[in-house]
Amino acid sequence: MKIALLQMTARIDPAANAHALVAAVADAAAGGARMLFTPEMSGLLDRDRARAAPSLHDEADDPVLAAVRAAAAEHRLWVHLGSLAVKGPDGRLANRGFVIDDSGAIRARYDKLHLFDVDLPTGESWRESAAYAPGQGAVLVETPAGMLGLSICYDLRFAALYGALSDAGATILAIPAAFTRPTGAAHWHVLMRARAIESAAWVVAAAQTGVHEDGRATFGHSLVVDPWGEVVLDMGAPGGLGFAEIDPARVAEVRARIPVITHRRAIPDVVRLP
C-alpha cells in the first residue's frame with residue numbers, strides 16, 4: 001500500500017501549520033496514499049515558551065487537531081499526526097502523537113516517553129522536562145499500513161522501546177521527529193536503520209526540516225526503511241510530500257530469514273564482577 005510523508009518547516013503560527021497539514025492531507029489522498037505521516041510538533045514549533053503559551057490548548061480544544069481530523073474525514077485518509085504540544089492536567093504539556101482514521105476518529109494517542117534534556121557542543125541547550133511531562137506507556141494500533149508502534153524523536157535512541165513494540169506485534173514503527181542538524185548528520189540514518197533491522201519492521205520517520213522562525217535548524221531527511229534496513233525513501237532537505245510503498249509481506253519474509261523476534265530473550269540480572 002502507498003503511504004505519504006510530510007516534511008515541513010513548522011512555524012510559530014498554528015493556523016499556518018494547520019493550513020499546511022490540511023493541504024498535505026488533500027495532496028496525499030490525491031496521490032493515492034492510504035495513510036499520511038507528519039513530523040513531531042506539526043502544529044507549533046517555538047522554543048520561546050512565553051510567546052508560544054497563548055497558542056497552546058487542551059486536546060479537546062486544539063484547532064490544529066480539529067482541522068486535521070476534519071480533513072482526514074473529508075478525504076477518507078488515515079493520518080499519523082506525529083505530535084502536538086497539548087496541555088496536560090498537571091499544568092505541564094504533553095508531546096502527544098495521534099493516529100486518526102479515515103472517519104476523523106482518534107484511534108490512538110501516544111505521549112513521548114523520553115524527554116530531551118541536553119547541552120550540545122554547539123552551545124544549544126534543550127530542557128524538555130522543564131515544560132513537558134513524560135508519557136507512561138508504549139502504544140500499538142492497527143492501521144491500514146499494519147500494526148503501528150508509536151514513538152517520537154528522542155525515543156529513537158532507546159532500543160528497548162522498539163523491542164517491546166515488536167514483541168507485542170508491531171510490524172511498522174512511526175518515529176516522527178524534529179532532529180537538530182548536528183545530531184541528525186551524525187546519527188539519524190544509522191539509528192533509523194538499526195531500529196528497522198533489530199525489529200524486522202518497517203520504519204516511517206516524518207521529519208521537520210530547515211531553519212525555523214524560532215531560530216532552530218532541523219535536519220530533514222524523512223525516511224522510510226524496510227525491515228531489512230534498506231532505505232526506500234530519503235526526502236533530503238527540501239520540504240514537501242513524499243510517497244513510498246509499504247509491503248506487509250516484507251516483514252514476514254525478513255523475520256523468516258532472521259527470526260530476531262522469536263529468538264529475543266529477556267535479559268537476566270547483570271552480574272557485575274570486580
# chains A, B, ... in the order shown; residues from 1 in each chain; ligands from 1
>>> select_by_dssp(residues="region 149-242 of chain A", states="strand (DSSP E or B)", output="PyMOL selection string")
chain A and resi 149-150+172-174+177+180+202-205+207-211+217-219+223-225+231-234+240-242
>>> residues_around(residues="Ala18 (chain A)", least_positions_apart="4", cutoff="7 Å", atoms="only C-alpha atoms", output="PyMOL selection string")
chain A and resi 14+22+43+64+67
>>> write_last_selection(atoms="N, CA, C and O atoms", output="PDB file, in the first residue's frame")
ATOM      1  N   PRO A  14       0.146  28.486  14.663  1.00  0.00           N
ATOM      2  CA  PRO A  14      -0.575  27.226  14.448  1.00  0.00           C
ATOM      3  C   PRO A  14      -1.528  27.261  13.258  1.00  0.00           C
ATOM      4  O   PRO A  14      -1.727  26.233  12.598  1.00  0.00           O
ATOM      5  N   VAL A  22      -3.592  20.451   6.386  1.00  0.00           N
ATOM      6  CA  VAL A  22      -4.822  20.155   5.652  1.00  0.00           C
ATOM      7  C   VAL A  22      -4.523  20.001   4.162  1.00  0.00           C
ATOM      8  O   VAL A  22      -5.047  19.089   3.495  1.00  0.00           O
ATOM      9  N   GLY A  43       2.073  21.107  14.800  1.00  0.00           N
ATOM     10  CA  GLY A  43       1.173  22.245  14.981  1.00  0.00           C
ATOM     11  C   GLY A  43       1.833  23.526  15.411  1.00  0.00           C
ATOM     12  O   GLY A  43       1.290  24.618  15.202  1.00  0.00           O
ATOM     13  N   VAL A  64      -5.563  22.793  15.587  1.00  0.00           N
ATOM     14  CA  VAL A  64      -4.814  22.033  14.581  1.00  0.00           C
ATOM     15  C   VAL A  64      -5.324  20.599  14.529  1.00  0.00           C
ATOM     16  O   VAL A  64      -5.573  20.049  13.446  1.00  0.00           O
ATOM     17  N   ALA A  67      -8.652  20.527  12.798  1.00  0.00           N
ATOM     18  CA  ALA A  67      -8.551  20.711  11.352  1.00  0.00           C
ATOM     19  C   ALA A  67      -8.080  19.445  10.652  1.00  0.00           C
ATOM     20  O   ALA A  67      -8.597  19.078   9.581  1.00  0.00           O
TER      21      ALA A  67
END
>>> atom_distance(atom1="CA of Ala70 (chain A)", atom2="CA of Gly220 (chain A)")
27.0 Å
>>> closest_residue(among="A:Gly104, A:Pro54, A:Gly236, A:Gly242", to="Lys87 (chain A)", atoms="only C-alpha atoms")
A:Pro54
>>> residues_around(residues="region 46-49 of chain A", least_positions_apart="3", cutoff="8 Å", atoms="only C-alpha atoms", output="list in words")
Arg11, Ile12, Ala52, Ala53, Glu213 and Asp214 of chain A
>>> residues_around(residues="Thr209 (chain A)", least_positions_apart="4", cutoff="7 Å", atoms="only C-alpha atoms", output="ChimeraX atom specification")
/A:7-9,218-220,237,239
>>> write_last_selection(atoms="C-alpha atoms", output="mmCIF file, in the first residue's frame")
data_model
loop_
_atom_site.group_PDB
_atom_site.id
_atom_site.type_symbol
_atom_site.label_atom_id
_atom_site.label_comp_id
_atom_site.auth_asym_id
_atom_site.auth_seq_id
_atom_site.Cartn_x
_atom_site.Cartn_y
_atom_site.Cartn_z
ATOM 1 C CA GLN A 7 8.389 17.010 5.567
ATOM 2 C CA MET A 8 7.728 20.526 6.832
ATOM 3 C CA THR A 9 9.263 23.623 8.403
ATOM 4 C CA THR A 218 16.278 20.845 11.775
ATOM 5 C CA PHE A 219 17.802 18.032 9.759
ATOM 6 C CA GLY A 220 15.033 16.807 7.438
ATOM 7 C CA ALA A 237 16.470 18.638 2.909
ATOM 8 C CA GLY A 239 10.107 20.359 2.425
#
>>> residues_around(residues="Ala33 (chain A)", least_positions_apart="3", cutoff="12 Å", atoms="only C-alpha atoms", output="ChimeraX atom specification")
/A:1-6,24-30,36-37,72,75-79,102,144-145,241-246
>>> write_last_selection(atoms="N, CA, C and O atoms", output="compact mmCIF listing (two decimals), in the first residue's frame")
# COMPACT_ATOMS: atom_id res chain seq x y z
N MET A 1 0.84 -1.19 0.00
CA MET A 1 0.00 0.00 0.00
C MET A 1 0.88 1.24 0.00
O MET A 1 2.03 1.20 0.43
N LYS A 2 0.32 2.32 -0.50
CA LYS A 2 1.07 3.57 -0.60
C LYS A 2 0.83 4.43 0.63
O LYS A 2 -0.30 4.59 1.08
N ILE A 3 1.93 4.99 1.17
CA ILE A 3 1.84 5.96 2.26
C ILE A 3 2.47 7.26 1.79
O ILE A 3 3.20 7.30 0.80
N ALA A 4 2.18 8.33 2.52
CA ALA A 4 2.76 9.63 2.25
C ALA A 4 3.41 10.16 3.51
O ALA A 4 2.95 9.89 4.63
N LEU A 5 4.49 10.92 3.35
CA LEU A 5 5.17 11.59 4.46
C LEU A 5 5.22 13.08 4.17
O LEU A 5 5.57 13.48 3.04
N LEU A 6 4.89 13.87 5.16
CA LEU A 6 5.03 15.32 5.05
C LEU A 6 6.31 15.74 5.73
O LEU A 6 6.50 15.48 6.93
N ALA A 24 -1.71 19.00 2.92
CA ALA A 24 -0.98 17.74 2.76
C ALA A 24 -1.93 16.55 2.77
O ALA A 24 -1.72 15.58 2.03
N VAL A 25 -2.96 16.60 3.59
CA VAL A 25 -3.95 15.53 3.60
C VAL A 25 -4.60 15.41 2.22
O VAL A 25 -4.72 14.31 1.66
N ALA A 26 -5.00 16.54 1.67
CA ALA A 26 -5.64 16.53 0.35
C ALA A 26 -4.69 16.01 -0.72
O ALA A 26 -5.07 15.18 -1.57
N ASP A 27 -3.43 16.46 -0.68
CA ASP A 27 -2.46 16.05 -1.70
C ASP A 27 -2.09 14.58 -1.55
O ASP A 27 -1.88 13.88 -2.55
N ALA A 28 -2.00 14.10 -0.31
CA ALA A 28 -1.68 12.69 -0.09
C ALA A 28 -2.79 11.80 -0.63
O ALA A 28 -2.53 10.78 -1.28
N ALA A 29 -4.02 12.18 -0.36
CA ALA A 29 -5.15 11.41 -0.87
C ALA A 29 -5.19 11.43 -2.39
O ALA A 29 -5.41 10.40 -3.04
N ALA A 30 -4.95 12.61 -2.96
CA ALA A 30 -4.95 12.73 -4.42
C ALA A 30 -3.85 11.89 -5.05
O ALA A 30 -3.99 11.41 -6.18
N LEU A 36 -1.15 9.13 5.81
CA LEU A 36 -0.18 10.23 5.82
C LEU A 36 0.50 10.27 7.18
O LEU A 36 -0.15 10.16 8.21
N PHE A 37 1.82 10.47 7.17
CA PHE A 37 2.62 10.61 8.38
C PHE A 37 3.21 12.02 8.42
O PHE A 37 3.78 12.48 7.43
N ALA A 72 -9.04 14.57 7.41
CA ALA A 72 -8.96 13.11 7.27
C ALA A 72 -10.31 12.52 6.89
O ALA A 72 -10.42 11.64 6.03
N HIS A 75 -11.30 13.56 3.18
CA HIS A 75 -10.54 12.91 2.12
C HIS A 75 -10.39 11.40 2.32
O HIS A 75 -9.71 10.73 1.53
N ARG A 76 -11.04 10.87 3.37
CA ARG A 76 -11.04 9.43 3.66
C ARG A 76 -9.61 8.88 3.73
O ARG A 76 -9.25 7.90 3.07
N LEU A 77 -8.80 9.54 4.55
CA LEU A 77 -7.38 9.20 4.67
C LEU A 77 -7.02 9.03 6.14
O LEU A 77 -7.39 9.85 6.98
N TRP A 78 -6.28 7.96 6.45
CA TRP A 78 -5.71 7.82 7.78
C TRP A 78 -4.53 8.78 7.92
O TRP A 78 -3.80 9.02 6.95
N VAL A 79 -4.36 9.32 9.12
CA VAL A 79 -3.26 10.26 9.39
C VAL A 79 -2.59 9.90 10.70
O VAL A 79 -3.27 9.71 11.72
N ASP A 102 -9.89 7.21 8.87
CA ASP A 102 -10.46 7.89 7.70
C ASP A 102 -11.89 8.39 7.92
O ASP A 102 -12.52 8.89 6.99
N PRO A 144 -4.14 0.66 8.33
CA PRO A 144 -4.04 0.04 7.01
C PRO A 144 -2.62 -0.34 6.63
O PRO A 144 -2.41 -1.23 5.79
N ALA A 145 -1.62 0.31 7.24
CA ALA A 145 -0.22 0.00 6.95
C ALA A 145 0.31 -1.16 7.77
O ALA A 145 1.43 -1.63 7.54
N LEU A 241 5.99 16.74 0.14
CA LEU A 241 5.32 15.46 0.34
C LEU A 241 6.09 14.37 -0.39
O LEU A 241 6.49 14.56 -1.55
N GLY A 242 6.31 13.26 0.29
CA GLY A 242 6.96 12.11 -0.33
C GLY A 242 6.05 10.89 -0.25
O GLY A 242 5.21 10.80 0.66
N PHE A 243 6.24 9.95 -1.16
CA PHE A 243 5.41 8.74 -1.20
C PHE A 243 6.30 7.50 -1.20
O PHE A 243 7.41 7.51 -1.73
N ALA A 244 5.79 6.45 -0.59
CA ALA A 244 6.51 5.17 -0.59
C ALA A 244 5.49 4.05 -0.53
O ALA A 244 4.37 4.22 -0.05
N GLU A 245 5.90 2.87 -1.02
CA GLU A 245 5.07 1.67 -0.96
C GLU A 245 5.50 0.82 0.23
O GLU A 245 6.69 0.55 0.42
N ILE A 246 4.54 0.42 1.05
CA ILE A 246 4.77 -0.46 2.18
C ILE A 246 4.22 -1.84 1.83
O ILE A 246 3.03 -1.98 1.52
>>> closest_atom_pairs(of="region 77-110 of chain A", to="region 166-183 of chain A", cutoff="9 Å", atoms="only C-alpha atoms", output="CSV")
residue,atom,partner,partner_atom,distance
A:His80,CA,A:Ala174,CA,8.3
A:Leu81,CA,A:Pro176,CA,8.7
A:Gly82,CA,A:Pro176,CA,5.2
A:Ser83,CA,A:Pro176,CA,7.6
A:Gly97,CA,A:Pro176,CA,8.8
>>> residues_around(residues="Ala200 (chain A)", least_positions_apart="3", cutoff="8 Å", atoms="only C-alpha atoms", output="list in words")
Thr171, Ala196, Ile197, Pro227, Trp228, Val251, Val254, Arg255, Val260 and Ile261 of chain A
>>> write_last_selection(atoms="C-alpha atoms", output="compact mmCIF listing (two decimals), in the first residue's frame")
# COMPACT_ATOMS: atom_id res chain seq x y z
CA THR A 171 5.19 -4.52 12.01
CA ALA A 196 14.26 -1.37 11.48
CA ILE A 197 16.83 -4.18 11.45
CA PRO A 227 12.61 -4.49 7.62
CA TRP A 228 15.98 -5.48 6.11
CA VAL A 251 8.05 -8.24 7.39
CA VAL A 254 12.66 -10.87 6.77
CA ARG A 255 11.54 -12.44 10.06
CA VAL A 260 15.03 -11.96 15.71
CA ILE A 261 11.58 -11.70 17.30
>>> atom_distance(atom1="CA of Val271 (chain A)", atom2="CA of Tyr154 (chain A)")
29.0 Å
>>> atom_distance(atom1="CA of Thr143 (chain A)", atom2="CA of Val86 (chain A)")
23.6 Å
>>> closest_residue(among="A:Ala164, A:Ile267, A:Val139, A:Ala66", to="Ile100 (chain A)", atoms="only C-alpha atoms")
A:Ala66
>>> residues_around(residues="Arg92 (chain A)", least_positions_apart="6", cutoff="7 Å", atoms="only C-alpha atoms", output="MDAnalysis selection string")
chainID A and resid 131:133
>>> write_last_selection(atoms="C-alpha atoms", output="mmCIF file, in the first residue's frame")
data_model
loop_
_atom_site.group_PDB
_atom_site.id
_atom_site.type_symbol
_atom_site.label_atom_id
_atom_site.label_comp_id
_atom_site.auth_asym_id
_atom_site.auth_seq_id
_atom_site.Cartn_x
_atom_site.Cartn_y
_atom_site.Cartn_z
ATOM 1 C CA ALA A 131 7.704 22.123 30.293
ATOM 2 C CA TYR A 132 6.698 18.572 29.331
ATOM 3 C CA ALA A 133 5.556 15.556 31.317
#
>>> closest_residue(among="A:Met192, A:Trp202, A:Gln208, A:Val68", to="Asp247 (chain A)", atoms="only C-alpha atoms")
A:Trp202
>>> select_by_dssp(residues="region 107-227 of chain A", states="alpha helix (DSSP H)", output="VMD selection string")
chain A and resid 159 to 167 181 to 183 189 to 199
>>> closest_residue(among="A:Ala73, A:Val211, A:Ile106, A:Val99", to="Pro238 (chain A)", atoms="only C-alpha atoms")
A:Val211
>>> closest_residue(among="A:Val270, A:Ala85, A:Leu113, A:Leu44", to="Leu161 (chain A)", atoms="only C-alpha atoms")
A:Leu113
>>> closest_residue(among="A:Leu191, A:Ala15, A:Met41, A:Ala207", to="Asp155 (chain A)", atoms="only C-alpha atoms")
A:Leu191
